[in-house]
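Next comes start.cif, a file with mmCIF, C-alpha atoms and all ligand atoms.
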data_input
loop_
_atom_site.group_PDB
_atom_site.id
_atom_site.type_symbol
_atom_site.label_atom_id
_atom_site.label_comp_id
_atom_site.auth_asym_id
_atom_site.auth_seq_id
_atom_site.Cartn_x
_atom_site.Cartn_y
_atom_site.Cartn_z
ATOM 1 C CA MET L 5 98.350 76.141 83.124
ATOM 2 C CA ALA L 6 95.787 75.137 80.569
ATOM 3 C CA PHE L 7 94.957 78.676 79.542
ATOM 4 C CA GLU L 8 97.134 80.493 77.050
ATOM 5 C CA ILE L 9 96.966 83.537 74.811
ATOM 6 C CA ALA L 10 95.457 82.541 71.465
ATOM 7 C CA ARG L 11 98.095 84.268 69.365
ATOM 8 C CA GLU L 12 96.259 83.601 66.130
ATOM 9 C CA THR L 13 93.371 85.778 67.365
ATOM 10 C CA SER L 14 95.543 88.843 68.069
ATOM 11 C CA THR L 15 94.152 91.603 65.881
ATOM 12 C CA PHE L 16 95.144 95.205 65.363
ATOM 13 C CA ARG L 17 91.987 97.274 65.844
ATOM 14 C CA TYR L 18 92.802 100.988 65.927
ATOM 15 C CA GLY L 19 95.731 103.359 65.849
ATOM 16 C CA MET L 20 94.589 106.415 67.756
ATOM 17 C CA SER L 21 96.376 109.733 67.519
ATOM 18 C CA ASN L 22 93.280 111.863 67.963
ATOM 19 C CA PRO L 23 92.391 112.370 71.667
ATOM 20 C CA GLU L 24 88.660 112.908 70.984
ATOM 21 C CA GLN L 25 88.447 109.705 69.021
ATOM 22 C CA LEU L 26 90.342 107.876 71.749
ATOM 23 C CA GLU L 27 88.103 109.270 74.483
ATOM 24 C CA GLN L 28 85.009 108.188 72.564
ATOM 25 C CA TRP L 29 86.293 104.629 72.184
ATOM 26 C CA LEU L 30 87.274 104.390 75.841
ATOM 27 C CA LYS L 31 83.891 105.733 76.976
ATOM 28 C CA ASP L 32 82.119 103.257 74.704
ATOM 29 C CA ASN L 33 84.082 100.384 76.281
ATOM 30 C CA PRO L 34 83.945 100.961 80.050
ATOM 31 C CA SER L 35 84.219 97.294 80.945
ATOM 32 C CA ALA L 36 86.877 96.284 78.476
ATOM 33 C CA ILE L 37 89.283 93.880 80.163
ATOM 34 C CA GLY L 38 92.874 94.086 79.113
ATOM 35 C CA LEU L 39 96.386 95.299 79.622
ATOM 36 C CA SER L 40 98.456 98.217 78.600
ATOM 37 C CA PHE L 41 102.185 98.421 77.871
ATOM 38 C CA VAL L 42 103.966 101.571 78.999
ATOM 39 C CA GLY L 43 107.576 102.552 79.363
ATOM 40 C CA ARG L 44 110.362 104.720 78.059
ATOM 41 C CA SER L 45 111.069 104.732 74.362
ATOM 42 C CA ASN L 46 113.063 101.793 73.108
ATOM 43 C CA VAL L 47 112.765 99.576 76.222
ATOM 44 C CA GLY L 48 111.035 96.883 74.197
ATOM 45 C CA LYS L 49 107.294 97.427 74.587
ATOM 46 C CA SER L 50 106.495 96.413 71.020
ATOM 47 C CA SER L 51 108.981 93.510 71.171
ATOM 48 C CA THR L 52 107.401 92.211 74.389
ATOM 49 C CA ILE L 53 103.972 92.474 72.782
ATOM 50 C CA ASN L 54 105.186 90.506 69.780
ATOM 51 C CA THR L 55 106.637 87.796 71.974
ATOM 52 C CA LEU L 56 103.450 87.501 74.011
ATOM 53 C CA PHE L 57 100.807 88.016 71.330
ATOM 54 C CA GLY L 58 102.364 86.758 68.133
ATOM 55 C CA ASN L 59 105.096 87.687 65.796
ATOM 56 C CA LYS L 60 105.150 91.154 64.319
ATOM 57 C CA ILE L 61 101.738 92.285 65.531
ATOM 58 C CA ALA L 62 103.327 95.467 66.925
ATOM 59 C CA LYS L 63 105.883 97.518 65.053
ATOM 60 C CA VAL L 64 109.385 97.273 66.469
ATOM 61 C CA SER L 65 111.331 100.473 66.013
ATOM 62 C CA LYS L 66 114.848 100.953 64.769
ATOM 63 C CA THR L 67 114.738 104.556 65.902
ATOM 64 C CA PRO L 68 113.462 105.285 69.393
ATOM 65 C CA GLY L 69 110.170 107.085 69.788
ATOM 66 C CA ARG L 70 108.577 105.597 66.707
ATOM 67 C CA THR L 71 105.286 104.514 68.231
ATOM 68 C CA ARG L 72 103.412 107.839 68.321
ATOM 69 C CA GLU L 73 99.884 106.502 68.478
ATOM 70 C CA ILE L 74 97.976 104.473 70.972
ATOM 71 C CA ASN L 75 97.491 101.165 69.251
ATOM 72 C CA ILE L 76 94.544 99.046 70.317
ATOM 73 C CA PHE L 77 94.538 95.290 69.736
ATOM 74 C CA SER L 78 92.133 92.513 70.669
ATOM 75 C CA PHE L 79 92.729 88.863 71.465
ATOM 76 C CA LYS L 80 91.092 85.783 72.931
ATOM 77 C CA LEU L 81 92.260 83.019 75.249
ATOM 78 C CA LYS L 82 92.716 79.358 74.535
ATOM 79 C CA ASN L 83 92.089 76.531 76.946
ATOM 80 C CA ASP L 84 93.578 73.136 76.195
ATOM 81 C CA GLY L 85 94.280 74.297 72.660
ATOM 82 C CA LYS L 86 90.725 75.488 71.950
ATOM 83 C CA ILE L 87 89.612 79.136 71.754
ATOM 84 C CA VAL L 88 87.359 79.895 74.711
ATOM 85 C CA GLU L 89 84.250 81.306 73.073
ATOM 86 C CA ASP L 90 82.350 82.085 76.242
ATOM 87 C CA LEU L 91 85.028 84.484 77.419
ATOM 88 C CA PRO L 92 84.866 88.003 75.981
ATOM 89 C CA GLU L 93 87.417 89.517 73.683
ATOM 90 C CA PHE L 94 90.286 91.046 75.650
ATOM 91 C CA TYR L 95 92.319 94.107 74.696
ATOM 92 C CA PHE L 96 95.888 95.245 74.831
ATOM 93 C CA TYR L 97 97.292 98.686 74.218
ATOM 94 C CA ASP L 98 100.705 99.658 72.889
ATOM 95 C CA LEU L 99 101.389 103.159 74.193
ATOM 96 C CA PRO L 100 103.952 105.605 72.847
ATOM 97 C CA GLY L 101 107.051 105.748 75.021
ATOM 98 C CA TYR L 102 107.660 108.465 77.570
ATOM 99 C CA GLY L 103 110.873 110.321 78.272
ATOM 100 C CA HIS L 104 112.002 110.735 74.710
ATOM 101 C CA ALA L 105 113.953 113.971 74.398
ATOM 102 C CA GLU L 106 114.146 114.311 70.639
ATOM 103 C CA VAL L 107 110.496 114.916 69.824
ATOM 104 C CA SER L 108 109.272 118.394 68.992
ATOM 105 C CA LYS L 109 107.324 120.483 71.533
ATOM 106 C CA GLU L 110 104.187 120.090 69.496
ATOM 107 C CA MET L 111 104.512 116.310 69.381
ATOM 108 C CA SER L 112 105.180 116.106 73.075
ATOM 109 C CA LYS L 113 102.094 118.243 73.822
ATOM 110 C CA ASN L 114 99.943 115.912 71.749
ATOM 111 C CA TRP L 115 101.548 112.929 73.490
ATOM 112 C CA GLU L 116 100.638 114.386 76.862
ATOM 113 C CA ILE L 117 97.014 114.996 75.906
ATOM 114 C CA LEU L 118 96.737 111.523 74.418
ATOM 115 C CA MET L 119 98.227 109.828 77.480
ATOM 116 C CA THR L 120 96.126 111.832 79.942
ATOM 117 C CA THR L 121 92.993 111.008 77.941
ATOM 118 C CA PHE L 122 93.983 107.353 78.034
ATOM 119 C CA PHE L 123 94.645 107.092 81.769
ATOM 120 C CA GLN L 124 91.584 109.105 82.731
ATOM 121 C CA ASN L 125 89.151 107.124 80.615
ATOM 122 C CA ILE L 126 90.503 103.607 80.279
ATOM 123 C CA SER L 127 88.484 100.805 81.872
ATOM 124 C CA LEU L 128 89.600 100.083 85.438
ATOM 125 C CA HIS L 129 89.907 96.442 84.443
ATOM 126 C CA THR L 130 93.181 97.252 82.736
ATOM 127 C CA LEU L 131 96.510 95.963 83.959
ATOM 128 C CA MET L 132 99.403 98.369 83.548
ATOM 129 C CA VAL L 133 102.574 96.655 82.395
ATOM 130 C CA ASN L 134 105.450 99.054 82.902
ATOM 131 C CA ILE L 135 108.554 97.990 81.024
ATOM 132 C CA GLN L 136 111.955 99.294 81.983
ATOM 133 C CA ASP L 137 115.405 98.670 80.587
ATOM 134 C CA ALA L 138 117.193 96.254 82.933
ATOM 135 C CA ARG L 139 120.472 98.034 82.223
ATOM 136 C CA HIS L 140 119.067 101.440 83.131
ATOM 137 C CA PRO L 141 116.228 100.861 85.588
ATOM 138 C CA ASN L 142 114.273 103.464 87.480
ATOM 139 C CA GLN L 143 115.326 106.478 85.409
ATOM 140 C CA LYS L 144 113.989 109.929 86.142
ATOM 141 C CA SER L 145 111.230 109.564 83.542
ATOM 142 C CA ASP L 146 110.305 106.164 85.033
ATOM 143 C CA GLN L 147 109.988 107.740 88.448
ATOM 144 C CA GLU L 148 107.913 110.581 87.051
ATOM 145 C CA PHE L 149 105.652 108.108 85.338
ATOM 146 C CA HIS L 150 105.169 106.191 88.589
ATOM 147 C CA GLN L 151 104.280 109.399 90.387
ATOM 148 C CA PHE L 152 101.627 109.943 87.722
ATOM 149 C CA LEU L 153 100.421 106.339 87.933
ATOM 150 C CA LYS L 154 100.130 106.509 91.694
ATOM 151 C CA GLY L 155 97.186 108.895 91.310
ATOM 152 C CA PHE L 156 95.156 106.147 89.628
ATOM 153 C CA ASN L 157 94.211 102.761 90.905
ATOM 154 C CA PHE L 158 95.527 100.306 88.359
ATOM 155 C CA GLU L 159 97.109 97.002 89.199
ATOM 156 C CA THR L 160 100.641 97.282 87.825
ATOM 157 C CA PHE L 161 103.381 94.848 86.832
ATOM 158 C CA LEU L 162 106.964 95.929 86.379
ATOM 159 C CA LEU L 163 109.116 94.223 83.759
ATOM 160 C CA PHE L 164 112.870 94.698 83.568
ATOM 161 C CA ASN L 165 113.488 93.839 79.944
ATOM 162 C CA LYS L 166 116.641 93.118 77.925
ATOM 163 C CA ILE L 167 118.190 90.990 80.687
ATOM 164 C CA ASP L 168 120.089 89.168 77.935
ATOM 165 C CA LYS L 169 122.166 92.323 77.679
ATOM 166 C CA LEU L 170 123.304 92.067 81.276
ATOM 167 C CA LYS L 171 126.604 90.364 80.772
ATOM 168 C CA LYS L 172 128.106 90.572 84.180
ATOM 169 C CA GLN L 173 126.903 88.706 87.213
ATOM 170 C CA LYS L 174 127.405 91.925 89.150
ATOM 171 C CA GLU L 175 124.803 93.721 87.059
ATOM 172 C CA ARG L 176 122.271 90.971 87.656
ATOM 173 C CA ALA L 177 122.931 90.977 91.384
ATOM 174 C CA ALA L 178 122.405 94.739 91.522
ATOM 175 C CA LEU L 179 119.088 94.363 89.765
ATOM 176 C CA ASN L 180 117.993 91.638 92.155
ATOM 177 C CA LYS L 181 118.796 93.891 95.056
ATOM 178 C CA LEU L 182 116.613 96.595 93.556
ATOM 179 C CA LYS L 183 113.562 94.327 93.578
ATOM 180 C CA PRO L 184 112.586 94.621 97.270
ATOM 181 C CA VAL L 185 113.472 98.305 97.275
ATOM 182 C CA LEU L 186 111.135 98.964 94.373
ATOM 183 C CA SER L 187 108.358 96.804 95.836
ATOM 184 C CA LYS L 188 108.441 98.965 98.907
ATOM 185 C CA GLU L 189 108.655 102.235 97.054
ATOM 186 C CA PHE L 190 105.997 101.416 94.462
ATOM 187 C CA LYS L 191 103.289 99.818 96.547
ATOM 188 C CA TRP L 192 100.870 99.726 93.603
ATOM 189 C CA VAL L 193 103.310 97.522 91.704
ATOM 190 C CA ARG L 194 102.054 93.997 92.390
ATOM 191 C CA GLN L 195 104.627 91.911 90.589
ATOM 192 C CA ILE L 196 108.143 92.380 89.252
ATOM 193 C CA TYR L 197 109.651 90.301 86.427
ATOM 194 C CA PHE L 198 112.991 90.080 84.661
ATOM 195 C CA THR L 199 112.528 89.425 80.961
ATOM 196 C CA SER L 200 114.130 89.275 77.566
ATOM 197 C CA ALA L 201 111.661 89.849 74.756
ATOM 198 C CA GLU L 202 114.366 88.725 72.370
ATOM 199 C CA LYS L 203 115.363 85.460 74.073
ATOM 200 C CA LYS L 204 111.904 84.914 75.591
ATOM 201 C CA ASP L 205 113.296 84.643 79.122
ATOM 202 C CA GLY L 206 110.672 85.181 81.805
ATOM 203 C CA ILE L 207 107.905 85.554 79.220
ATOM 204 C CA ALA L 208 106.013 82.373 80.182
ATOM 205 C CA GLN L 209 105.701 83.619 83.768
ATOM 206 C CA VAL L 210 104.444 86.989 82.587
ATOM 207 C CA GLU L 211 101.888 85.307 80.331
ATOM 208 C CA GLU L 212 100.618 83.203 83.208
ATOM 209 C CA ALA L 213 100.265 86.244 85.459
ATOM 210 C CA ILE L 214 98.488 88.220 82.744
ATOM 211 C CA ILE L 215 95.983 85.424 82.148
ATOM 212 C CA SER L 216 95.337 85.129 85.843
ATOM 213 C CA TYR L 217 94.672 88.900 85.962
ATOM 214 C CA LEU L 218 92.260 88.728 83.003
ATOM 215 C CA LEU L 219 90.285 85.833 84.451
ATOM 216 C CA ARG L 220 90.068 87.571 87.809
ATOM 217 C CA GLN L 221 88.675 90.706 86.167
ATOM 218 C CA ARG L 222 86.177 88.598 84.277
ATOM 219 C CA GLU L 223 84.954 87.034 87.520
ATOM 220 C CA LEU L 224 84.752 90.454 89.142
ATOM 221 C CA LEU L 225 82.603 91.828 86.324
ATOM 222 C CA GLU L 226 80.389 88.725 86.361
ATOM 223 C CA SER L 227 79.719 89.121 90.069
ATOM 224 C CA MET L 228 78.737 92.787 89.721
HETATM 225 N N1 LIG L 301 118.832 92.434 73.245
HETATM 226 C C1 LIG L 301 117.541 92.748 73.339
HETATM 227 N N2 LIG L 301 117.030 93.683 72.534
HETATM 228 C C2 LIG L 301 115.718 93.992 72.655
HETATM 229 C C3 LIG L 301 114.881 93.352 73.613
HETATM 230 N N3 LIG L 301 113.645 93.881 73.510
HETATM 231 C C4 LIG L 301 113.699 94.800 72.524
HETATM 232 N N4 LIG L 301 114.945 94.881 72.000
HETATM 233 C C5 LIG L 301 115.386 95.791 70.905
HETATM 234 O O1 LIG L 301 115.240 97.138 71.335
HETATM 235 C C6 LIG L 301 114.785 97.977 70.247
HETATM 236 C C7 LIG L 301 113.493 98.697 70.606
HETATM 237 O O2 LIG L 301 112.473 97.749 70.750
HETATM 238 P P1 LIG L 301 110.920 98.149 70.632
HETATM 239 O O3 LIG L 301 110.174 96.922 70.968
HETATM 240 O O4 LIG L 301 110.626 98.809 69.346
HETATM 241 O O5 LIG L 301 110.811 99.223 71.799
HETATM 242 P P2 LIG L 301 109.560 100.149 72.177
HETATM 243 O O6 LIG L 301 109.570 100.268 73.644
HETATM 244 O O7 LIG L 301 108.317 99.619 71.551
HETATM 245 O O8 LIG L 301 110.003 101.524 71.500
HETATM 246 P P3 LIG L 301 109.073 102.787 71.142
HETATM 247 O O9 LIG L 301 107.847 102.271 70.445
HETATM 248 O O10 LIG L 301 109.939 103.597 70.246
HETATM 249 O O11 LIG L 301 108.753 103.499 72.403
HETATM 250 C C8 LIG L 301 114.672 97.067 69.035
HETATM 251 O O12 LIG L 301 115.850 97.175 68.278
HETATM 252 C C9 LIG L 301 114.527 95.671 69.642
HETATM 253 O O13 LIG L 301 114.980 94.659 68.787
HETATM 254 C C10 LIG L 301 115.476 92.343 74.465
HETATM 255 O O14 LIG L 301 114.866 91.733 75.350
HETATM 256 N N5 LIG L 301 116.818 92.101 74.285
HETATM 257 MG MG MG L 302 106.908 100.554 70.269
#
How would this structure read if it were set down as structure tokens?
Amino acid sequence: MAFEIARETSTFRYGMSNPEQLEQWLKDNPSAIGLSFVGRSNVGKSSTINTLFGNKIAKVSKTPGRTREINIFSFKLKNDGKIVEDLPEFYFYDLPGYGHAEVSKEMSKNWEILMTTFFQNISLHTLMVNIQDARHPNQKSDQEFHQFLKGFNFETFLLFNKIDKLKKQKERAALNKLKPVLSKEFKWVRQIYFTSAEKKDGIAQVEEAIISYLLRQRELLESM
């Protein structure tokens, strides 16, 4: 494909920990086109973002549960090596992980308010990229998150990350078997990928699918 993410345009815009401030920004940008990365702590959301959007744009944590804010970034697309100026700026969001047990009650309350504010106000032209750990897929907190997500109408991709850590063929086969089961169970999940943010496996396919989503949303908005 000729289109690609223009990594050099990836820019950190805001780190939002205040729900009112977040709500204001989301309400001011109702037709923002973009994608949002969600998943349990430590599954590799920030690493996947770095692989897709340029080195070290998102902070990778040594300790799980580090990303406590909703981080908003912008980027543009390139076509045949040139930045496409007549396409708008797109956005991506690095969300704090769910299902982390070690945070205080107060922190988890704030997390909940922040996440609810996000999902209730974010532009509907936002792709949800749910990342799960390929070694521990479909955990209780993942299932709970999907129950929550089901109530909205976002196109969703599912990424099983860290496949480089699956050493045995048996583990890979089990994961492959899970694919049709999950597709059936999570009907709002449009596409499922197996990735390694570290080794870059599967990332090119994800990039292609993301770009195709963004361009589709652009066309949709143009025709409205
Ligand atoms: N082997 C391997 N390690 C990975 C991969 N992706 C991420 N990691 C490692 O997993 C750890 C967590 O990665 P992050 O990208 O910070 O995870 P996160 O989901 O953003 O974590 P929180 O922000 O805390 O929710 C880091 O030590 C990464 O280097 C991968 O594909 N393979
Ligand atoms: Mg992170």
Using all atoms listed in the file, which residues have at least one atom no more than 10 Å from ligand LIG 301 (chain L)? Output them as number ranges by chain. L: 41-55, 62-73, 98-104, 135-138, 164-170, 198-205
So which residues touch segment 156-163 of chain L within 7 Å, counting all atoms listed in the file, skipping near sequence neighbours fewer than 2 positions away, as a PDB file with C-alpha atoms, in the coordinates of the input?
ATOM      1  CA  LEU L 128      89.600 100.083  85.438  1.00  0.00           C
ATOM      2  CA  THR L 130      93.181  97.252  82.736  1.00  0.00           C
ATOM      3  CA  LEU L 131      96.510  95.963  83.959  1.00  0.00           C
ATOM      4  CA  MET L 132      99.403  98.369  83.548  1.00  0.00           C
ATOM      5  CA  VAL L 133     102.574  96.655  82.395  1.00  0.00           C
ATOM      6  CA  ASN L 134     105.450  99.054  82.902  1.00  0.00           C
ATOM      7  CA  ILE L 135     108.554  97.990  81.024  1.00  0.00           C
ATOM      8  CA  GLN L 136     111.955  99.294  81.983  1.00  0.00           C
ATOM      9  CA  LEU L 153     100.421 106.339  87.933  1.00  0.00           C
ATOM     10  CA  LYS L 154     100.130 106.509  91.694  1.00  0.00           C
ATOM     11  CA  ASN L 165     113.488  93.839  79.944  1.00  0.00           C
ATOM     12  CA  TRP L 192     100.870  99.726  93.603  1.00  0.00           C
ATOM     13  CA  VAL L 193     103.310  97.522  91.704  1.00  0.00           C
ATOM     14  CA  ARG L 194     102.054  93.997  92.390  1.00  0.00           C
ATOM     15  CA  GLN L 195     104.627  91.911  90.589  1.00  0.00           C
ATOM     16  CA  ILE L 196     108.143  92.380  89.252  1.00  0.00           C
ATOM     17  CA  TYR L 197     109.651  90.301  86.427  1.00  0.00           C
ATOM     18  CA  PHE L 198     112.991  90.080  84.661  1.00  0.00           C
ATOM     19  CA  THR L 199     112.528  89.425  80.961  1.00  0.00           C
TER      20      THR L 199
END
The distance between atom CA of Lys181 of chain L and atom CA of Gly206 of chain L is 17.8 Å
Asn22 of chain L: which residues within 12 Å, counting all atoms listed in the file, same-chain residues fewer than 4 positions away excluded, as a VMD selection string? chain L and resid 18 26 to 29 72 to 75 114 to 119 121 to 122
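The coordinates place atom CA of Ile215 of chain L at 13.7 Å from atom CA of Ile87 of chain L.
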Segment 154-166 of chain L: axis-aligned bounding box, 5 Å on each side, centre and edge lengths in Å, one decimal, as JSON:
{"center_x": 105.4, "center_y": 101.0, "center_z": 84.8, "size_x": 32.4, "size_y": 25.8, "size_z": 23.8}
If you measure from atom CA of Ala213 of chain L to atom CA of Asp32 of chain L, what distance in Å do you get, rounded to one decimal? 27.1 Å
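The nearest approach to Gly58 of chain L among the residues L:Val88, L:Ala36, L:Ile9, L:Leu218, with all atoms listed in the file taken into account, belongs to L:Ile9.
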List the residues selected by the PyMOL selection byres (((chain L and resi 83) around 6) and not hetatm) in the file shown, writing them as an NGL selection string. :L and (6-7 or 82 or 84-86)
Would you mind exporting C-alpha atoms of the selected residues as a compact mmCIF listing (two decimals), in the frame of the given file?
# COMPACT_ATOMS: atom_id res chain seq x y z
CA ALA L 6 95.79 75.14 80.57
CA PHE L 7 94.96 78.68 79.54
CA LYS L 82 92.72 79.36 74.54
CA ASP L 84 93.58 73.14 76.19
CA GLY L 85 94.28 74.30 72.66
CA LYS L 86 90.72 75.49 71.95
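Shortest atom-to-atom contact with ligand MG 302 (chain L) among L:Thr15, L:Lys31, L:Ile61, L:Met20: L:Ile61, counting all atoms listed in the file.
If only C-alpha atoms and all ligand atoms are the atoms counted, then among L:Gln25, L:Pro92, L:Lys191, L:Tyr97 the closest residue to ligand MG 302 (chain L) is L:Tyr97.
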Can you fill out segment 160-173 of chain L with N, CA and C atoms and hand it back as a CSV table (one decimal), keeping the file's coordinate frame?
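And here's out15.csv as it stands now:
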chain,number,residue,atom,x,y,z
L,160,THR,N,99.5,97.0,88.7
L,160,THR,CA,100.6,97.3,87.8
L,160,THR,C,101.7,96.2,88.0
L,161,PHE,N,102.2,95.7,86.8
L,161,PHE,CA,103.4,94.8,86.8
L,161,PHE,C,104.6,95.7,86.3
L,162,LEU,N,105.7,95.3,86.8
L,162,LEU,CA,107.0,95.9,86.4
L,162,LEU,C,107.8,94.9,85.7
L,163,LEU,N,108.2,95.1,84.5
L,163,LEU,CA,109.1,94.2,83.8
L,163,LEU,C,110.5,94.9,83.5
L,164,PHE,N,111.5,94.2,83.9
L,164,PHE,CA,112.9,94.7,83.6
L,164,PHE,C,113.3,93.9,82.3
L,165,ASN,N,113.3,94.5,81.2
L,165,ASN,CA,113.5,93.8,79.9
L,165,ASN,C,115.0,94.0,79.5
L,166,LYS,N,115.3,93.2,78.5
L,166,LYS,CA,116.6,93.1,77.9
L,166,LYS,C,117.7,92.5,78.9
L,167,ILE,N,117.2,91.6,79.7
L,167,ILE,CA,118.2,91.0,80.7
L,167,ILE,C,119.3,90.2,80.0
L,168,ASP,N,119.0,89.8,78.7
L,168,ASP,CA,120.1,89.2,77.9
L,168,ASP,C,121.3,90.1,77.7
L,169,LYS,N,121.1,91.4,77.9
L,169,LYS,CA,122.2,92.3,77.7
L,169,LYS,C,123.0,92.5,78.9
L,170,LEU,N,122.5,92.0,80.0
L,170,LEU,CA,123.3,92.1,81.3
L,170,LEU,C,124.4,91.0,81.2
L,171,LYS,N,125.6,91.4,81.0
L,171,LYS,CA,126.6,90.4,80.8
L,171,LYS,C,127.2,89.9,82.1
L,172,LYS,N,127.4,90.9,83.0
L,172,LYS,CA,128.1,90.6,84.2
L,172,LYS,C,127.2,90.1,85.3
L,173,GLN,N,127.6,89.2,86.1
L,173,GLN,CA,126.9,88.7,87.2
L,173,GLN,C,126.6,89.9,88.2
